[in-house]
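Containing mmCIF, C-alpha atoms: upload_11.cif.
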data_input
#
loop_
_atom_site.group_PDB
_atom_site.id
_atom_site.type_symbol
_atom_site.label_atom_id
_atom_site.label_comp_id
_atom_site.auth_asym_id
_atom_site.auth_seq_id
_atom_site.Cartn_x
_atom_site.Cartn_y
_atom_site.Cartn_z
ATOM 1 C CA MET A 22 -71.767 -52.866 -24.570
ATOM 2 C CA LYS A 23 -74.643 -50.852 -26.026
ATOM 3 C CA ARG A 24 -75.108 -49.133 -22.661
ATOM 4 C CA TYR A 25 -71.471 -47.950 -22.591
ATOM 5 C CA TRP A 26 -71.750 -46.728 -26.191
ATOM 6 C CA LEU A 27 -74.837 -44.644 -25.317
ATOM 7 C CA LEU A 28 -73.106 -43.215 -22.249
ATOM 8 C CA GLY A 29 -70.081 -42.296 -24.370
ATOM 9 C CA LEU A 30 -72.283 -40.585 -26.969
ATOM 10 C CA TRP A 31 -74.131 -38.635 -24.259
ATOM 11 C CA ALA A 32 -70.835 -37.478 -22.731
ATOM 12 C CA LEU A 33 -69.596 -36.357 -26.154
ATOM 13 C CA LEU A 34 -72.758 -34.342 -26.791
ATOM 14 C CA MET A 35 -72.524 -32.723 -23.381
ATOM 15 C CA ALA A 36 -68.945 -31.707 -24.093
ATOM 16 C CA LEU A 37 -69.793 -29.963 -27.365
ATOM 17 C CA PRO A 38 -70.270 -26.193 -27.111
ATOM 18 C CA SER A 39 -73.921 -25.205 -27.076
ATOM 19 C CA VAL A 40 -75.198 -22.766 -29.682
ATOM 20 C CA ALA A 41 -77.179 -19.851 -28.319
ATOM 21 C CA GLN A 42 -80.687 -19.439 -29.673
ATOM 22 C CA GLN A 43 -80.741 -16.149 -31.557
ATOM 23 C CA ILE A 44 -83.823 -14.526 -33.086
ATOM 24 C CA MET A 45 -84.016 -11.266 -35.034
ATOM 25 C CA TYR A 46 -87.334 -9.398 -35.058
ATOM 26 C CA SER A 47 -87.711 -7.162 -38.104
ATOM 27 C CA ASN A 48 -90.611 -5.071 -36.815
ATOM 28 C CA LEU A 49 -92.931 -4.280 -33.911
ATOM 29 C CA LYS A 50 -95.511 -6.881 -34.944
ATOM 30 C CA GLY A 51 -92.908 -9.636 -35.047
ATOM 31 C CA LEU A 52 -91.744 -8.785 -31.522
ATOM 32 C CA ALA A 53 -95.315 -8.613 -30.222
ATOM 33 C CA GLU A 54 -96.117 -12.019 -31.700
ATOM 34 C CA ASN A 55 -92.704 -13.461 -30.770
ATOM 35 C CA ARG A 56 -92.092 -14.316 -34.422
ATOM 36 C CA GLY A 57 -88.736 -13.656 -36.070
ATOM 37 C CA ASP A 58 -85.795 -15.079 -38.010
ATOM 38 C CA THR A 59 -83.450 -17.570 -36.351
ATOM 39 C CA VAL A 60 -79.707 -16.940 -36.741
ATOM 40 C CA THR A 61 -76.507 -18.167 -35.049
ATOM 41 C CA THR A 62 -73.831 -15.549 -35.658
ATOM 42 C CA LEU A 63 -74.778 -12.524 -33.540
ATOM 43 C CA LYS A 64 -72.321 -10.970 -31.116
ATOM 44 C CA VAL A 65 -73.303 -8.663 -28.236
ATOM 45 C CA GLU A 66 -70.817 -5.996 -27.171
ATOM 46 C CA ARG A 67 -71.278 -3.694 -24.187
ATOM 47 C CA ARG A 68 -70.441 -0.088 -25.026
ATOM 48 C CA SER A 69 -68.126 1.868 -22.731
ATOM 49 C CA LYS A 70 -69.180 4.939 -20.769
ATOM 50 C CA ASN A 71 -66.824 7.028 -22.912
ATOM 51 C CA GLN A 72 -68.499 5.791 -26.104
ATOM 52 C CA ILE A 73 -71.927 6.616 -24.714
ATOM 53 C CA TYR A 74 -70.801 10.044 -23.506
ATOM 54 C CA LEU A 75 -69.139 10.992 -26.807
ATOM 55 C CA MET A 76 -71.609 9.450 -29.259
ATOM 56 C CA GLY A 77 -74.784 8.859 -27.237
ATOM 57 C CA GLY A 78 -77.022 5.854 -27.661
ATOM 58 C CA ALA A 79 -77.793 2.735 -25.677
ATOM 59 C CA ASP A 80 -75.652 0.228 -23.795
ATOM 60 C CA TYR A 81 -75.132 -2.561 -26.331
ATOM 61 C CA ARG A 82 -73.937 -3.078 -29.881
ATOM 62 C CA ILE A 83 -75.058 -6.194 -31.721
ATOM 63 C CA VAL A 84 -72.940 -7.114 -34.723
ATOM 64 C CA VAL A 85 -71.924 -10.015 -36.943
ATOM 65 C CA ASN A 86 -68.220 -10.543 -37.505
ATOM 66 C CA ASN A 87 -67.208 -10.548 -41.179
ATOM 67 C CA ASN A 88 -70.705 -9.649 -42.376
ATOM 68 C CA GLN A 89 -70.953 -5.916 -42.920
ATOM 69 C CA ASP A 90 -74.381 -6.020 -44.570
ATOM 70 C CA LEU A 91 -76.024 -7.905 -41.699
ATOM 71 C CA SER A 92 -74.279 -5.673 -39.139
ATOM 72 C CA LYS A 93 -75.643 -2.624 -40.964
ATOM 73 C CA TYR A 94 -79.123 -4.157 -40.931
ATOM 74 C CA LEU A 95 -78.845 -4.813 -37.192
ATOM 75 C CA LYS A 96 -77.824 -1.216 -36.550
ATOM 76 C CA SER A 97 -80.403 0.544 -38.699
ATOM 77 C CA ASN A 98 -83.344 -1.709 -39.536
ATOM 78 C CA CYS A 99 -83.667 -4.611 -37.111
ATOM 79 C CA TYR A 100 -86.271 -3.949 -34.406
ATOM 80 C CA ALA A 101 -85.173 -6.320 -31.635
ATOM 81 C CA VAL A 102 -82.975 -9.337 -30.964
ATOM 82 C CA GLN A 103 -83.392 -12.311 -28.638
ATOM 83 C CA ILE A 104 -80.234 -14.167 -27.565
ATOM 84 C CA ASP A 105 -81.074 -17.110 -25.329
ATOM 85 C CA THR A 106 -83.151 -15.561 -22.512
ATOM 86 C CA SER A 107 -81.881 -12.010 -23.100
ATOM 87 C CA LEU A 108 -83.957 -9.581 -25.156
ATOM 88 C CA TYR A 109 -82.571 -6.375 -26.696
ATOM 89 C CA VAL A 110 -84.536 -3.636 -28.470
ATOM 90 C CA ASN A 111 -83.076 -1.260 -31.039
ATOM 91 C CA CYS A 112 -83.281 2.245 -29.543
ATOM 92 C CA LYS A 113 -83.232 3.747 -33.018
ATOM 93 C CA LYS A 114 -86.792 2.443 -33.307
ATOM 94 C CA MET A 115 -87.885 3.655 -29.867
ATOM 95 C CA ARG A 116 -89.581 6.977 -29.037
ATOM 96 C CA TYR A 117 -90.542 8.630 -25.780
ATOM 97 C CA LYS A 118 -93.008 11.400 -26.595
ATOM 98 C CA ARG A 119 -91.162 13.463 -29.248
ATOM 99 C CA TYR A 120 -87.724 12.341 -28.112
ATOM 100 C CA ARG A 121 -85.495 9.776 -29.776
ATOM 101 C CA LEU A 122 -83.507 7.379 -27.625
ATOM 102 C CA GLY A 123 -80.436 7.226 -29.845
ATOM 103 C CA GLN A 124 -78.900 4.229 -31.568
ATOM 104 C CA TRP A 125 -77.792 0.744 -30.560
ATOM 105 C CA TYR A 126 -79.551 -1.689 -28.279
ATOM 106 C CA ALA A 127 -81.055 -1.603 -24.799
ATOM 107 C CA HIS A 128 -81.660 -4.609 -22.577
ATOM 108 C CA ALA A 129 -85.344 -5.486 -22.236
ATOM 109 C CA ILE A 130 -87.599 -7.632 -20.051
ATOM 110 C CA ARG A 131 -90.698 -9.388 -21.338
ATOM 111 C CA VAL A 132 -93.548 -9.750 -18.830
ATOM 112 C CA ARG A 133 -96.326 -11.721 -20.485
ATOM 113 C CA GLU A 134 -97.479 -9.601 -23.447
ATOM 114 C CA LYS A 135 -95.544 -6.505 -22.328
ATOM 115 C CA VAL A 136 -91.955 -5.441 -23.020
ATOM 116 C CA PHE A 137 -89.958 -3.055 -20.813
ATOM 117 C CA PHE A 138 -86.538 -1.737 -21.748
ATOM 118 C CA CYS A 139 -83.764 0.046 -19.882
ATOM 119 C CA ALA A 140 -82.373 3.260 -21.405
ATOM 120 C CA GLN A 141 -81.206 6.776 -20.607
ATOM 121 C CA PRO A 142 -83.789 9.245 -19.294
ATOM 122 C CA VAL A 143 -84.835 11.814 -21.893
ATOM 123 C CA GLY A 144 -87.230 14.728 -22.054
ATOM 124 C CA GLN A 145 -89.461 15.200 -19.041
ATOM 125 C CA VAL A 146 -88.034 12.107 -17.351
ATOM 126 C CA ALA A 147 -84.548 13.607 -17.397
ATOM 127 C CA THR A 148 -85.500 17.120 -16.321
ATOM 128 C CA SER A 149 -88.048 16.276 -13.638
ATOM 129 C CA THR A 150 -86.612 13.211 -11.936
ATOM 130 C CA LEU A 151 -82.946 12.656 -12.679
ATOM 131 C CA THR A 152 -81.253 15.939 -13.580
ATOM 132 C CA PRO A 153 -78.334 16.585 -11.193
ATOM 133 C CA SER A 154 -78.993 19.608 -8.967
ATOM 134 C CA GLU A 155 -75.591 21.076 -9.882
ATOM 135 C CA ALA A 156 -76.656 21.472 -13.509
ATOM 136 C CA THR A 157 -79.692 23.495 -12.470
ATOM 137 C CA LYS A 158 -77.610 25.759 -10.273
ATOM 138 C CA LEU A 159 -74.823 26.396 -12.762
ATOM 139 C CA GLY A 160 -76.703 26.551 -16.034
ATOM 140 C CA GLY A 161 -75.072 27.250 -19.379
ATOM 141 C CA GLU A 162 -72.394 25.052 -20.929
ATOM 142 C CA VAL A 163 -70.978 23.958 -17.586
ATOM 143 C CA GLY A 164 -74.401 22.869 -16.400
ATOM 144 C CA ASP A 165 -75.062 21.059 -19.666
ATOM 145 C CA ALA A 166 -71.760 19.176 -19.311
ATOM 146 C CA ILE A 167 -72.579 18.069 -15.763
ATOM 147 C CA ASN A 168 -76.043 17.027 -16.861
ATOM 148 C CA ALA A 169 -74.636 14.974 -19.769
ATOM 149 C CA CYS A 170 -72.135 13.245 -17.482
ATOM 150 C CA GLY A 171 -74.885 12.318 -15.039
ATOM 151 C CA LEU A 172 -77.122 10.886 -17.732
ATOM 152 C CA VAL A 173 -74.352 8.628 -19.030
ATOM 153 C CA ASN A 174 -74.812 6.552 -15.877
ATOM 154 C CA ALA A 175 -78.543 7.132 -15.303
ATOM 155 C CA ARG A 176 -81.042 4.540 -16.520
ATOM 156 C CA VAL A 177 -84.798 4.213 -16.278
ATOM 157 C CA PHE A 178 -87.325 1.748 -17.644
ATOM 158 C CA TYR A 179 -89.741 2.424 -20.466
ATOM 159 C CA GLU A 180 -92.749 0.333 -21.475
ATOM 160 C CA LEU A 181 -93.138 -0.368 -25.185
ATOM 161 C CA ASN A 182 -96.674 0.113 -26.460
ATOM 162 C CA PHE A 183 -97.359 -2.614 -29.035
ATOM 163 C CA GLU A 184 -100.282 -0.670 -30.521
ATOM 164 C CA THR A 185 -98.518 2.646 -31.158
ATOM 165 C CA GLY A 186 -94.836 1.682 -31.145
ATOM 166 C CA LYS A 187 -94.189 4.488 -28.667
ATOM 167 C CA SER A 188 -92.779 4.169 -25.172
ATOM 168 C CA GLU A 189 -93.965 5.309 -21.754
ATOM 169 C CA PHE A 190 -91.855 5.971 -18.688
ATOM 170 C CA VAL A 191 -92.248 3.365 -15.937
ATOM 171 C CA GLY A 192 -92.362 5.536 -12.831
ATOM 172 C CA LYS A 193 -93.839 4.905 -9.427
ATOM 173 C CA GLU A 194 -97.459 5.258 -10.515
ATOM 174 C CA ARG A 195 -97.146 2.827 -13.427
ATOM 175 C CA MET A 196 -95.145 0.336 -11.371
ATOM 176 C CA LEU A 197 -97.829 0.273 -8.672
ATOM 177 C CA GLN A 198 -100.409 -0.533 -11.365
ATOM 178 C CA LEU A 199 -98.277 -3.407 -12.624
ATOM 179 C CA LEU A 200 -97.907 -4.770 -9.101
ATOM 180 C CA GLU A 201 -101.665 -5.050 -8.516
ATOM 181 C CA GLY A 202 -102.350 -8.624 -7.491
ATOM 182 C CA HIS A 203 -98.895 -8.936 -5.891
ATOM 183 C CA PRO A 204 -99.472 -7.441 -2.418
ATOM 184 C CA LYS A 205 -96.028 -8.239 -0.981
ATOM 185 C CA LEU A 206 -94.155 -6.761 -3.932
ATOM 186 C CA LYS A 207 -96.453 -3.741 -4.001
ATOM 187 C CA ALA A 208 -95.942 -3.062 -0.293
ATOM 188 C CA ASP A 209 -92.185 -3.291 -0.718
ATOM 189 C CA PHE A 210 -92.206 -0.989 -3.729
ATOM 190 C CA GLU A 211 -94.269 1.652 -1.918
ATOM 191 C CA LYS A 212 -91.298 2.090 0.415
ATOM 192 C CA GLU A 213 -88.895 2.808 -2.446
ATOM 193 C CA THR A 214 -87.771 6.376 -3.035
ATOM 194 C CA SER A 215 -86.177 5.956 -6.462
ATOM 195 C CA GLU A 216 -87.567 5.388 -9.961
ATOM 196 C CA SER A 217 -84.186 4.318 -11.331
ATOM 197 C CA ALA A 218 -83.771 1.211 -13.471
ATOM 198 C CA GLN A 219 -81.861 -0.478 -10.663
ATOM 199 C CA VAL A 220 -84.919 -0.280 -8.404
ATOM 200 C CA VAL A 221 -87.717 -0.726 -10.942
ATOM 201 C CA GLY A 222 -85.845 -3.556 -12.684
ATOM 202 C CA ARG A 223 -85.877 -5.707 -9.555
ATOM 203 C CA TYR A 224 -89.664 -5.649 -9.444
ATOM 204 C CA LEU A 225 -90.050 -6.213 -13.187
ATOM 205 C CA MET A 226 -87.788 -9.250 -12.921
ATOM 206 C CA SER A 227 -89.902 -10.558 -10.040
ATOM 207 C CA LEU A 228 -93.036 -10.171 -12.178
ATOM 208 C CA ALA A 229 -91.338 -11.922 -15.117
ATOM 209 C CA LYS A 230 -90.481 -14.892 -12.908
ATOM 210 C CA ASP A 231 -94.063 -15.156 -11.637
ATOM 211 C CA PHE A 232 -95.504 -15.660 -15.135
#

File written out as structure tokens:
Amino acid sequence: MKRYWLLGLWALLMALPSVAQQIMYSNLKGLAENRGDTVTTLKVERRSKNQIYLMGGADYRIVVNNNQDLSKYLKSNCYAVQIDTSLYVNCKKMRYKRYRLGQWYAHAIRVREKVFFCAQPVGQVATSTLTPSEATKLGGEVGDAINACGLVNARVFYELNFETGKSEFVGKERMLQLLEGHPKLKADFEKETSESAQVVGRYLMSLAKDF
């Protein structure tokens, strides 16, 4: 009888909806040390291409329904958020050289003590590696419009520096450094011709799984 009761209890627990583990990191140090505040009410929303084109910013909004104060904190002051195995960094807090990366949240990957996040190319990254050739040819307002449209879809990876709080572009040279000690992955990456997030992200995910 006791056995059937335990089986029934186990089945009931399995049927209950699981609550995602959610952690808010208030600053760079908290993210670096993986120390934050546990919550249960966060909601992740993917922003549309039109929203990004018209207002700029990163790919995700993180809000709390019926809690305007906490939603405002998430938008302006929170540094990063962990929801289950997914990490998001607040681009309002991110910098690449002298360039801001806009508002809202970008998806990130943690590889041991390092964090890499996926966002739009800005500054030298945008002009030297990902600017559409049509924009260069046309110039002026038309060229700027084409360039803006292209960057809505373009993504690259940046590495967050825990000492300075600044970010560095993860291009071919940096990726090859990260792949030292992984000869098969390094050999495969040497054949790649793109520094886009789609390509670089595959290798970062492989590194994350190895550790």

Checklist line | Between atom CA of Gly123 of chain A and atom CA of Gln145 of chain A, distance in Å (one decimal) | finding: 16.2 Å

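Selection by the PyMOL selection byres ((chain A and resi 221) around 9) on the present file picks out Val177, Phe178, Val191, Gly192, Lys193, Met196, Phe210, Ser215, Glu216, Ser217, Ala218, Gln219, Val220, Gly222, Arg223, Tyr224, Leu225 and Met226 of chain A.
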
Checklist line | Resolved residues for the PyMOL selection byres ((chain A and resi 180) around 6) as number ranges by chain | finding: A: 137, 179, 181, 188-189

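Once segment 71-73 of chain A and its same-chain neighbours fewer than 3 positions away are set aside, Arg67, Arg68, Met76, Gly77, Gly78, Ala79, Asp80, Tyr81, Arg82, Leu122, Gly123, Gln124, Trp125, Tyr126, Ala140, Gln141, Ala169, Cys170, Gly171, Leu172, Val173, Asn174 and Ala175 of chain A remain within 12 Å of it when counting all atoms listed in the file.
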
Would you output that residue set with C-alpha atoms, as a JSON list (two decimals), in the coordinates of the input?
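Output saved as selection_16.json:
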[["chain", "number", "residue", "atom", "x", "y", "z"],
["A", 67, "ARG", "CA", -71.28, -3.69, -24.19],
["A", 68, "ARG", "CA", -70.44, -0.09, -25.03],
["A", 76, "MET", "CA", -71.61, 9.45, -29.26],
["A", 77, "GLY", "CA", -74.78, 8.86, -27.24],
["A", 78, "GLY", "CA", -77.02, 5.85, -27.66],
["A", 79, "ALA", "CA", -77.79, 2.74, -25.68],
["A", 80, "ASP", "CA", -75.65, 0.23, -23.80],
["A", 81, "TYR", "CA", -75.13, -2.56, -26.33],
["A", 82, "ARG", "CA", -73.94, -3.08, -29.88],
["A", 122, "LEU", "CA", -83.51, 7.38, -27.62],
["A", 123, "GLY", "CA", -80.44, 7.23, -29.84],
["A", 124, "GLN", "CA", -78.90, 4.23, -31.57],
["A", 125, "TRP", "CA", -77.79, 0.74, -30.56],
["A", 126, "TYR", "CA", -79.55, -1.69, -28.28],
["A", 140, "ALA", "CA", -82.37, 3.26, -21.40],
["A", 141, "GLN", "CA", -81.21, 6.78, -20.61],
["A", 169, "ALA", "CA", -74.64, 14.97, -19.77],
["A", 170, "CYS", "CA", -72.14, 13.24, -17.48],
["A", 171, "GLY", "CA", -74.89, 12.32, -15.04],
["A", 172, "LEU", "CA", -77.12, 10.89, -17.73],
["A", 173, "VAL", "CA", -74.35, 8.63, -19.03],
["A", 174, "ASN", "CA", -74.81, 6.55, -15.88],
["A", 175, "ALA", "CA", -78.54, 7.13, -15.30]]

List as JSON lines every residue of segment 80-114 of chain A that is in contact with segment 46-56 of chain A, defined as an atom at most 9 Å from one of its atoms (using all atoms listed in the file), together with the nearest atom pair and the distance in Å rounded to one decimal, sorted by chain and then rising number.
{"residue": "A:Asn98", "atom": "CA", "partner": "A:Ser47", "partner_atom": "CA", "distance": 7.1}
{"residue": "A:Cys99", "atom": "CA", "partner": "A:Ser47", "partner_atom": "CA", "distance": 4.9}
{"residue": "A:Tyr100", "atom": "CA", "partner": "A:Asn48", "partner_atom": "CA", "distance": 5.1}
{"residue": "A:Ala101", "atom": "CA", "partner": "A:Tyr46", "partner_atom": "CA", "distance": 5.1}
{"residue": "A:Val102", "atom": "CA", "partner": "A:Tyr46", "partner_atom": "CA", "distance": 6.0}
{"residue": "A:Gln103", "atom": "CA", "partner": "A:Tyr46", "partner_atom": "CA", "distance": 8.1}

Checklist line | Residues within 9 Å of (-71.2, -7.9, -34.3), file coords, all atoms listed in the file, listed as a ChimeraX atom specification | finding: /A:62-66,82-89,91-92,95
